[in-house]
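**Q** Got a structure for you, my_file.txt, holding compact mmCIF, C-alpha atoms.
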```txt
# COMPACT_ATOMS: atom_id res chain seq x y z
CA MET J 1 52.33 119.10 104.89
CA GLU J 2 53.97 116.03 106.43
CA LEU J 3 57.42 117.38 105.60
CA VAL J 4 56.59 120.67 107.31
CA VAL J 5 55.47 118.82 110.45
CA ARG J 6 58.64 116.70 110.51
CA PHE J 7 60.80 119.76 110.00
CA SER J 8 59.00 121.59 112.82
CA LEU J 9 59.42 118.63 115.15
CA ALA J 10 63.11 118.44 114.30
CA LEU J 11 63.53 122.11 115.16
CA VAL J 12 61.74 121.60 118.46
CA LEU J 13 63.77 118.51 119.34
CA ASP J 14 67.07 120.16 118.42
CA THR J 15 66.73 123.00 120.86
CA MET J 16 68.18 123.67 124.27
CA VAL J 17 66.43 126.41 126.23
CA MET J 18 68.10 128.44 128.98
CA ASP J 19 65.78 129.38 131.85
CA GLU J 20 66.85 133.06 131.87
CA LYS J 21 68.78 135.21 129.39
CA VAL J 22 70.20 137.52 132.05
CA LYS J 23 71.30 136.48 135.52
CA THR J 24 72.68 138.58 138.34
CA GLY J 25 74.86 137.22 141.11
CA VAL J 26 76.65 138.61 144.13
CA GLU J 27 80.31 138.24 145.01
CA LEU J 28 81.02 135.18 147.18
CA ASP J 29 77.47 134.01 146.44
CA THR J 30 76.07 131.16 144.33
CA VAL J 31 74.07 131.33 141.11
CA SER J 32 72.27 128.56 139.23
CA ALA J 33 71.15 128.12 135.64
CA SER J 34 69.10 125.36 134.02
CA CYS J 35 68.86 124.32 130.39
CA ASN J 36 65.92 122.19 129.24
CA TYR J 37 66.36 119.76 126.35
CA ASP J 38 64.54 116.88 124.74
CA ALA J 39 64.92 113.47 126.38
CA HIS J 40 66.39 111.87 123.25
CA TYR J 41 69.62 113.73 124.13
CA LYS J 42 69.70 112.02 127.52
CA ASN J 43 72.89 110.06 126.83
CA HIS J 44 74.71 112.88 125.05
CA THR J 45 77.55 114.75 126.74
CA LYS J 46 76.58 118.22 127.95
CA TYR J 47 78.91 121.10 128.76
CA TRP J 48 79.14 124.64 130.15
CA CYS J 49 81.29 127.18 128.36
CA ARG J 50 82.10 130.87 128.46
CA GLY J 51 82.39 133.33 125.58
CA TYR J 52 80.40 135.79 123.51
CA PHE J 53 80.37 133.60 120.40
CA ARG J 54 79.02 130.06 120.61
CA ASP J 55 81.60 128.58 118.23
CA SER J 56 84.58 129.96 120.14
CA CYS J 57 83.48 129.77 123.76
CA ASN J 58 85.89 128.25 126.29
CA ILE J 59 84.50 125.04 127.77
CA ILE J 60 84.63 125.06 131.57
CA ALA J 61 83.29 121.59 132.35
CA PHE J 62 81.74 118.52 130.72
CA THR J 63 79.17 116.23 132.30
CA PRO J 64 79.50 114.35 134.57
CA ASN J 65 82.63 116.22 135.69
CA SER J 66 82.66 119.40 137.73
CA THR J 67 85.26 121.90 138.91
CA ASN J 68 85.93 123.54 142.25
CA ARG J 69 83.38 126.29 141.59
CA VAL J 70 81.17 124.87 138.83
CA ALA J 71 78.92 121.85 139.39
CA LEU J 72 76.96 120.17 136.58
CA GLN J 73 73.91 117.98 137.13
CA ASP J 74 72.19 116.19 134.24
CA THR J 75 68.67 114.97 135.05
CA GLY J 76 67.96 113.45 131.65
CA SER J 77 65.86 116.37 130.44
CA GLN J 78 67.57 119.30 132.12
CA LEU J 79 71.15 120.44 132.66
CA ILE J 80 71.56 122.31 135.96
CA ILE J 81 74.66 124.46 136.40
CA THR J 82 75.70 125.86 139.77
CA MET J 83 78.50 128.42 140.07
CA SER J 84 79.72 129.13 143.61
CA CYS J 85 82.05 131.66 145.23
CA LEU J 86 81.37 134.23 142.53
CA VAL J 87 83.83 137.02 141.76
CA LYS J 88 83.37 140.09 139.57
CA GLU J 89 85.61 138.53 136.93
CA ASP J 90 82.91 135.87 136.38
CA THR J 91 80.76 138.51 134.64
CA GLY J 92 80.26 137.51 131.01
CA TRP J 93 78.37 135.35 128.51
CA TYR J 94 77.87 131.63 129.11
CA TRP J 95 76.49 128.77 127.03
CA CYS J 96 75.05 125.37 127.87
CA GLY J 97 75.52 122.86 125.09
CA ILE J 98 74.82 119.32 123.92
CA GLN J 99 77.69 117.63 122.10
CA ARG J 100 76.77 115.95 118.81
CA ASP J 101 79.09 113.95 116.57
CA PHE J 102 77.70 114.57 113.09
CA ALA J 103 75.82 117.84 113.56
CA ARG J 104 76.26 121.24 115.09
CA ASP J 105 76.02 121.30 118.88
CA VAL J 106 72.72 122.35 120.41
CA MET J 107 73.34 125.43 122.57
CA ASP J 108 71.70 128.33 124.37
CA PHE J 109 73.17 131.31 126.24
CA THR J 110 72.77 133.57 129.23
CA GLN J 111 74.54 136.70 130.45
CA LEU J 112 75.86 136.68 134.00
CA ILE J 113 76.43 139.95 135.87
CA VAL J 114 78.24 139.75 139.21
CA THR J 115 77.82 142.70 141.59
CA ASP J 116 79.30 143.55 144.96
CA SER J 117 75.94 144.52 146.47
CA ARG J 118 73.03 142.27 147.35
CA ASP J 119 70.73 144.94 145.96
CA GLY J 120 71.76 143.80 142.49
CA ARG J 121 70.19 140.36 142.93
CA ALA J 122 67.67 139.64 140.20
CA SER J 123 64.28 138.17 140.90
CA GLY J 124 63.86 134.45 140.61
CA PHE J 125 67.19 133.62 142.27
CA PRO J 126 67.44 131.29 145.23
CA PRO J 127 67.59 132.92 148.65
CA ASP J 128 70.84 134.19 150.09
CA PRO J 129 73.17 131.39 151.04
CA PRO J 130 73.86 130.78 154.72
CA GLY J 131 76.68 132.69 156.35
CA ASN J 132 78.88 129.63 156.56
CA ARG J 133 78.92 129.39 152.75
CA THR J 134 80.18 132.95 152.46
CA ARG J 135 82.76 132.25 155.13
CA SER J 136 83.84 129.10 153.29
CA CYS J 137 84.37 131.15 150.11
CA ARG J 138 86.46 133.69 152.03
CA THR J 139 88.35 130.86 153.69
CA SER J 140 88.96 129.24 150.32
CA LYS J 141 90.37 132.49 148.96
CA ALA J 142 92.61 132.87 152.00
CA ILE J 143 93.82 129.29 151.62
CA GLN J 144 94.60 129.85 147.94
CA LYS J 145 96.56 133.01 148.77
CA ALA J 146 98.44 131.16 151.53
CA LYS J 147 99.25 128.32 149.13
CA GLY J 148 100.52 130.80 146.57
CA PHE J 149 102.71 132.52 149.18
CA ARG J 150 104.10 129.18 150.37
CA MET J 151 104.85 128.19 146.79
CA PHE J 152 106.67 131.51 146.27
CA ILE J 153 108.76 130.97 149.42
CA LEU J 154 109.53 127.40 148.34
CA ILE J 155 110.75 128.57 144.92
CA ILE J 156 112.95 131.23 146.55
CA CYS J 157 114.44 128.63 148.95
CA ILE J 158 115.15 126.26 146.04
CA LEU J 159 116.89 129.03 144.09
CA ILE J 160 119.00 130.04 147.11
CA THR J 161 119.95 126.42 147.79
CA GLY J 162 120.92 125.94 144.14
CA LEU J 163 123.12 129.04 144.21
CA GLU J 164 124.80 127.85 147.41
CA ILE J 165 125.52 124.45 145.89
CA ILE J 166 126.98 126.07 142.77
CA PHE J 167 129.14 128.34 144.96
CA ILE J 168 130.44 125.40 147.03
CA ILE J 169 131.22 123.35 143.91
CA SER J 170 133.06 126.36 142.45
CA LEU J 171 135.18 126.72 145.62
CA LEU J 172 136.03 123.01 145.67
CA SER J 173 137.05 123.02 142.02
CA ARG J 174 139.25 126.07 142.57
CA GLY J 175 140.89 124.38 145.57
CA ARG J 176 141.67 121.26 143.51
CA ARG J 177 143.19 123.32 140.71
CA SER J 178 145.28 125.29 143.21
CA ARG J 179 146.63 122.12 144.85
CA ARG J 180 147.34 120.58 141.46
CA ASN J 181 149.31 123.66 140.38
CA ARG J 182 151.35 123.73 143.61
CA GLY J 183 152.10 120.01 143.32
CA GLY J 184 153.35 120.49 139.77
CA VAL J 185 155.80 123.21 140.82
CA THR J 186 157.29 121.40 143.86
CA GLY J 187 157.54 118.07 142.09
CA LYS J 188 159.87 119.31 139.35
CA SER J 189 163.61 118.95 139.95
CA ILE J 190 165.89 121.71 138.80
CA PRO J 191 168.54 120.21 136.49
CA ARG J 192 172.08 120.85 137.48
CA SER J 193 175.09 120.71 135.21
CA PRO J 194 177.13 117.61 136.03
CA GLN J 195 180.40 118.32 137.81
CA PRO J 196 183.35 115.96 137.23
CA ASN J 197 184.67 114.25 140.29
CA GLN J 198 187.83 116.10 141.13
CA ILE J 199 190.40 114.67 143.45
CA PRO J 200 192.29 117.40 145.22
CA SER J 201 195.88 117.39 143.95
CA VAL J 202 198.69 117.22 146.47
CA ILE J 203 201.10 120.04 146.05
CA SER J 204 204.63 119.12 147.12
CA ILE J 205 206.51 121.93 148.67
CA PRO J 206 210.29 121.44 148.75
CA LEU J 207 211.77 121.76 152.19
CA ALA J 208 214.46 124.30 152.50
CA THR J 209 217.71 122.91 153.65
CA ILE J 210 219.11 124.48 156.66
```
Transcribe the structure of this file into structure tokens.
**A**
Amino acid sequence: MELVVRFSLALVLDTMVMDEKVKTGVELDTVSASCNYDAHYKNHTKYWCRGYFRDSCNIIAFTPNSTNRVALQDTGSQLIITMSCLVKEDTGWYWCGIQRDFARDVMDFTQLIVTDSRDGRASGFPPDPPGNRTRSCRTSKAIQKAKGFRMFILIICILITGLEIIFIISLLSRGRRSRRNRGGVTGKSIPRSPQPNQIPSVISIPLATI
């Protein structure tokens, strides 16, 4: 009987419970999830990952770190995840997990569905965010697009500059070779066959006697 009680307690302690198994969010909105766990995991590293299978999900963030759109907060008995500026591509399966060194990680999942209409909001979600939050998400997207465009222009300018430098170097090298070839031709002396010094001979013409 004592073994059964210990085993049951171990199962209870080694669980992490997601607040909801299905969550619905709206584009450019914010959604939150919370995972409850036993306090003896207080000092363990927690994480948030995405994927259908728990053993192959892609970890997005570890505690206490966060990303631009995913914030993690560990209270000591609950892991709170906040995803902001949602897009439709965020739809999928997510897991909260507790990292353990010598045992399998403790994990639980939820399915997130992102819609483009506020009618798709599920019950139990926080109220709509203020308008400035939506504007900040739109502004962030615009800034990212502008940064990408500037990076594209910068790469094009670098390529053009590189081609111009290569063209100039090619012209200079051709000019040097051309001058070197001309100098080689004009510097050579054409050999001439030596001519013996000839002294003009004096031809005596006899004077006719008158």
**Q** Check the smallest atom-to-atom distance from each of J:Arg182, J:Cys85, J:Thr15, J:Thr63 to J:Arg104 using all atoms listed in the file, then report the winner.
**A** J:Thr15
**Q** Quick check, in Å to one decimal: how far apart do atom CA of J:Ile81 and atom CA of J:Trp48 lie?
**A**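 If I compute the distance from atom CA of J:Ile81 to atom CA of J:Trp48, I get 7.7 Å.
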**Q** Rounded to one decimal place, report the atom CA of J:Ile153-atom CA of J:Leu171 distance in Å.
**A**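 Calculated distance between atom CA of J:Ile153 and atom CA of J:Leu171 is 27.0 Å.
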**Q** Identify, on the basis of only C-alpha atoms, every residue whose closest approach to J:Val70 does not exceed 8 Å; exclude the query and any residue fewer than 4 positions from it along the same chain; express the result as a count of residues only.
**A** 6
**Q** Please compute the atom CA of J:Tyr47-atom CA of J:Asn65 distance, one decimal, in Å.
**A**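 Taking atom CA of J:Tyr47 and atom CA of J:Asn65, their separation equals 9.3 Å.
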**Q** Using all atoms listed in the file, can you list as a PDB file with C-alpha atoms, keeping the file's coordinate frame the residues within 12 Å of (73.8, 132.3, 136.8)?
**A**
```
ATOM      1  CA  MET J  18      68.100 128.440 128.980  1.00  0.00           C
ATOM      2  CA  ASP J  19      65.780 129.380 131.850  1.00  0.00           C
ATOM      3  CA  GLU J  20      66.850 133.060 131.870  1.00  0.00           C
ATOM      4  CA  LYS J  21      68.780 135.210 129.390  1.00  0.00           C
ATOM      5  CA  VAL J  22      70.200 137.520 132.050  1.00  0.00           C
ATOM      6  CA  LYS J  23      71.300 136.480 135.520  1.00  0.00           C
ATOM      7  CA  THR J  24      72.680 138.580 138.340  1.00  0.00           C
ATOM      8  CA  GLY J  25      74.860 137.220 141.110  1.00  0.00           C
ATOM      9  CA  VAL J  26      76.650 138.610 144.130  1.00  0.00           C
ATOM     10  CA  ASP J  29      77.470 134.010 146.440  1.00  0.00           C
ATOM     11  CA  THR J  30      76.070 131.160 144.330  1.00  0.00           C
ATOM     12  CA  VAL J  31      74.070 131.330 141.110  1.00  0.00           C
ATOM     13  CA  SER J  32      72.270 128.560 139.230  1.00  0.00           C
ATOM     14  CA  ALA J  33      71.150 128.120 135.640  1.00  0.00           C
ATOM     15  CA  SER J  34      69.100 125.360 134.020  1.00  0.00           C
ATOM     16  CA  CYS J  35      68.860 124.320 130.390  1.00  0.00           C
ATOM     17  CA  TRP J  48      79.140 124.640 130.150  1.00  0.00           C
ATOM     18  CA  ARG J  50      82.100 130.870 128.460  1.00  0.00           C
ATOM     19  CA  VAL J  70      81.170 124.870 138.830  1.00  0.00           C
ATOM     20  CA  ALA J  71      78.920 121.850 139.390  1.00  0.00           C
ATOM     21  CA  ILE J  80      71.560 122.310 135.960  1.00  0.00           C
ATOM     22  CA  ILE J  81      74.660 124.460 136.400  1.00  0.00           C
ATOM     23  CA  THR J  82      75.700 125.860 139.770  1.00  0.00           C
ATOM     24  CA  MET J  83      78.500 128.420 140.070  1.00  0.00           C
ATOM     25  CA  SER J  84      79.720 129.130 143.610  1.00  0.00           C
ATOM     26  CA  CYS J  85      82.050 131.660 145.230  1.00  0.00           C
ATOM     27  CA  LEU J  86      81.370 134.230 142.530  1.00  0.00           C
ATOM     28  CA  ASP J  90      82.910 135.870 136.380  1.00  0.00           C
ATOM     29  CA  THR J  91      80.760 138.510 134.640  1.00  0.00           C
ATOM     30  CA  GLY J  92      80.260 137.510 131.010  1.00  0.00           C
ATOM     31  CA  TRP J  93      78.370 135.350 128.510  1.00  0.00           C
ATOM     32  CA  TYR J  94      77.870 131.630 129.110  1.00  0.00           C
ATOM     33  CA  TRP J  95      76.490 128.770 127.030  1.00  0.00           C
ATOM     34  CA  CYS J  96      75.050 125.370 127.870  1.00  0.00           C
ATOM     35  CA  PHE J 109      73.170 131.310 126.240  1.00  0.00           C
ATOM     36  CA  THR J 110      72.770 133.570 129.230  1.00  0.00           C
ATOM     37  CA  GLN J 111      74.540 136.700 130.450  1.00  0.00           C
ATOM     38  CA  LEU J 112      75.860 136.680 134.000  1.00  0.00           C
ATOM     39  CA  ILE J 113      76.430 139.950 135.870  1.00  0.00           C
ATOM     40  CA  VAL J 114      78.240 139.750 139.210  1.00  0.00           C
ATOM     41  CA  ARG J 121      70.190 140.360 142.930  1.00  0.00           C
ATOM     42  CA  ALA J 122      67.670 139.640 140.200  1.00  0.00           C
ATOM     43  CA  SER J 123      64.280 138.170 140.900  1.00  0.00           C
ATOM     44  CA  GLY J 124      63.860 134.450 140.610  1.00  0.00           C
ATOM     45  CA  PHE J 125      67.190 133.620 142.270  1.00  0.00           C
ATOM     46  CA  PRO J 126      67.440 131.290 145.230  1.00  0.00           C
TER      47      PRO J 126
END
```
**Q** Working from the structure I just supplied, which lacks atoms in stretch 47-67 of chain J, can you model N, CA, C and O atoms there and output them as a short mmCIF file (atom, residue, chain, number, x, y, z; two decimals), keeping the file's coordinate frame?
**A**
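Now in part.cif:
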```cif
data_model
loop_
_atom_site.label_atom_id
_atom_site.label_comp_id
_atom_site.auth_asym_id
_atom_site.auth_seq_id
_atom_site.Cartn_x
_atom_site.Cartn_y
_atom_site.Cartn_z
N TYR J 47 77.78 120.30 128.27
CA TYR J 47 78.91 121.10 128.76
C TYR J 47 78.45 122.52 129.07
O TYR J 47 77.37 122.96 128.68
N TRP J 48 79.34 123.24 129.76
CA TRP J 48 79.14 124.64 130.15
C TRP J 48 80.36 125.40 129.70
O TRP J 48 81.50 125.03 130.02
N CYS J 49 80.15 126.45 128.89
CA CYS J 49 81.29 127.18 128.36
C CYS J 49 81.05 128.68 128.46
O CYS J 49 79.93 129.14 128.67
N ARG J 50 82.15 129.42 128.31
CA ARG J 50 82.10 130.87 128.46
C ARG J 50 82.65 131.54 127.21
O ARG J 50 83.68 131.15 126.68
N GLY J 51 81.95 132.57 126.74
CA GLY J 51 82.39 133.33 125.58
C GLY J 51 81.21 133.99 124.89
O GLY J 51 80.06 133.53 125.00
N TYR J 52 81.49 135.07 124.18
CA TYR J 52 80.40 135.79 123.51
C TYR J 52 79.86 135.02 122.31
O TYR J 52 78.66 135.00 122.05
N PHE J 53 80.77 134.36 121.57
CA PHE J 53 80.37 133.60 120.40
C PHE J 53 80.29 132.12 120.74
O PHE J 53 81.19 131.57 121.39
N ARG J 54 79.25 131.45 120.26
CA ARG J 54 79.02 130.06 120.61
C ARG J 54 80.10 129.14 120.04
O ARG J 54 80.46 128.13 120.66
N ASP J 55 80.63 129.47 118.87
CA ASP J 55 81.60 128.58 118.23
C ASP J 55 83.01 128.74 118.78
O ASP J 55 83.90 127.97 118.43
N SER J 56 83.23 129.75 119.61
CA SER J 56 84.58 129.96 120.14
C SER J 56 84.58 130.11 121.66
O SER J 56 85.53 130.63 122.22
N CYS J 57 83.52 129.63 122.30
CA CYS J 57 83.48 129.77 123.76
C CYS J 57 84.42 128.76 124.40
O CYS J 57 84.68 127.68 123.84
N ASN J 58 84.92 129.09 125.57
CA ASN J 58 85.89 128.25 126.29
C ASN J 58 85.13 127.31 127.23
O ASN J 58 84.46 127.76 128.16
N ILE J 59 85.24 126.02 126.98
CA ILE J 59 84.50 125.04 127.77
C ILE J 59 85.09 124.96 129.18
O ILE J 59 86.29 124.77 129.36
N ILE J 60 84.21 125.10 130.17
CA ILE J 60 84.63 125.06 131.57
C ILE J 60 84.54 123.65 132.13
O ILE J 60 85.43 123.19 132.84
N ALA J 61 83.47 122.94 131.80
CA ALA J 61 83.29 121.59 132.35
C ALA J 61 82.35 120.79 131.46
O ALA J 61 81.44 121.34 130.84
N PHE J 62 82.61 119.48 131.39
CA PHE J 62 81.74 118.52 130.72
C PHE J 62 81.02 117.69 131.78
O PHE J 62 81.53 117.47 132.87
N THR J 63 79.83 117.20 131.42
CA THR J 63 79.17 116.23 132.30
C THR J 63 79.88 114.88 132.15
O THR J 63 80.35 114.55 131.06
N PRO J 64 80.00 114.09 133.21
CA PRO J 64 79.50 114.35 134.57
C PRO J 64 80.52 115.04 135.47
O PRO J 64 80.37 115.04 136.69
N ASN J 65 81.57 115.60 134.89
CA ASN J 65 82.63 116.22 135.69
C ASN J 65 82.23 117.62 136.13
O ASN J 65 81.42 118.29 135.50
N SER J 66 82.86 118.06 137.21
CA SER J 66 82.66 119.40 137.73
C SER J 66 84.01 119.97 138.12
O SER J 66 85.02 119.26 138.13
N THR J 67 84.04 121.25 138.44
CA THR J 67 85.26 121.90 138.91
C THR J 67 85.05 122.36 140.34
O THR J 67 84.02 122.07 140.96
#
```
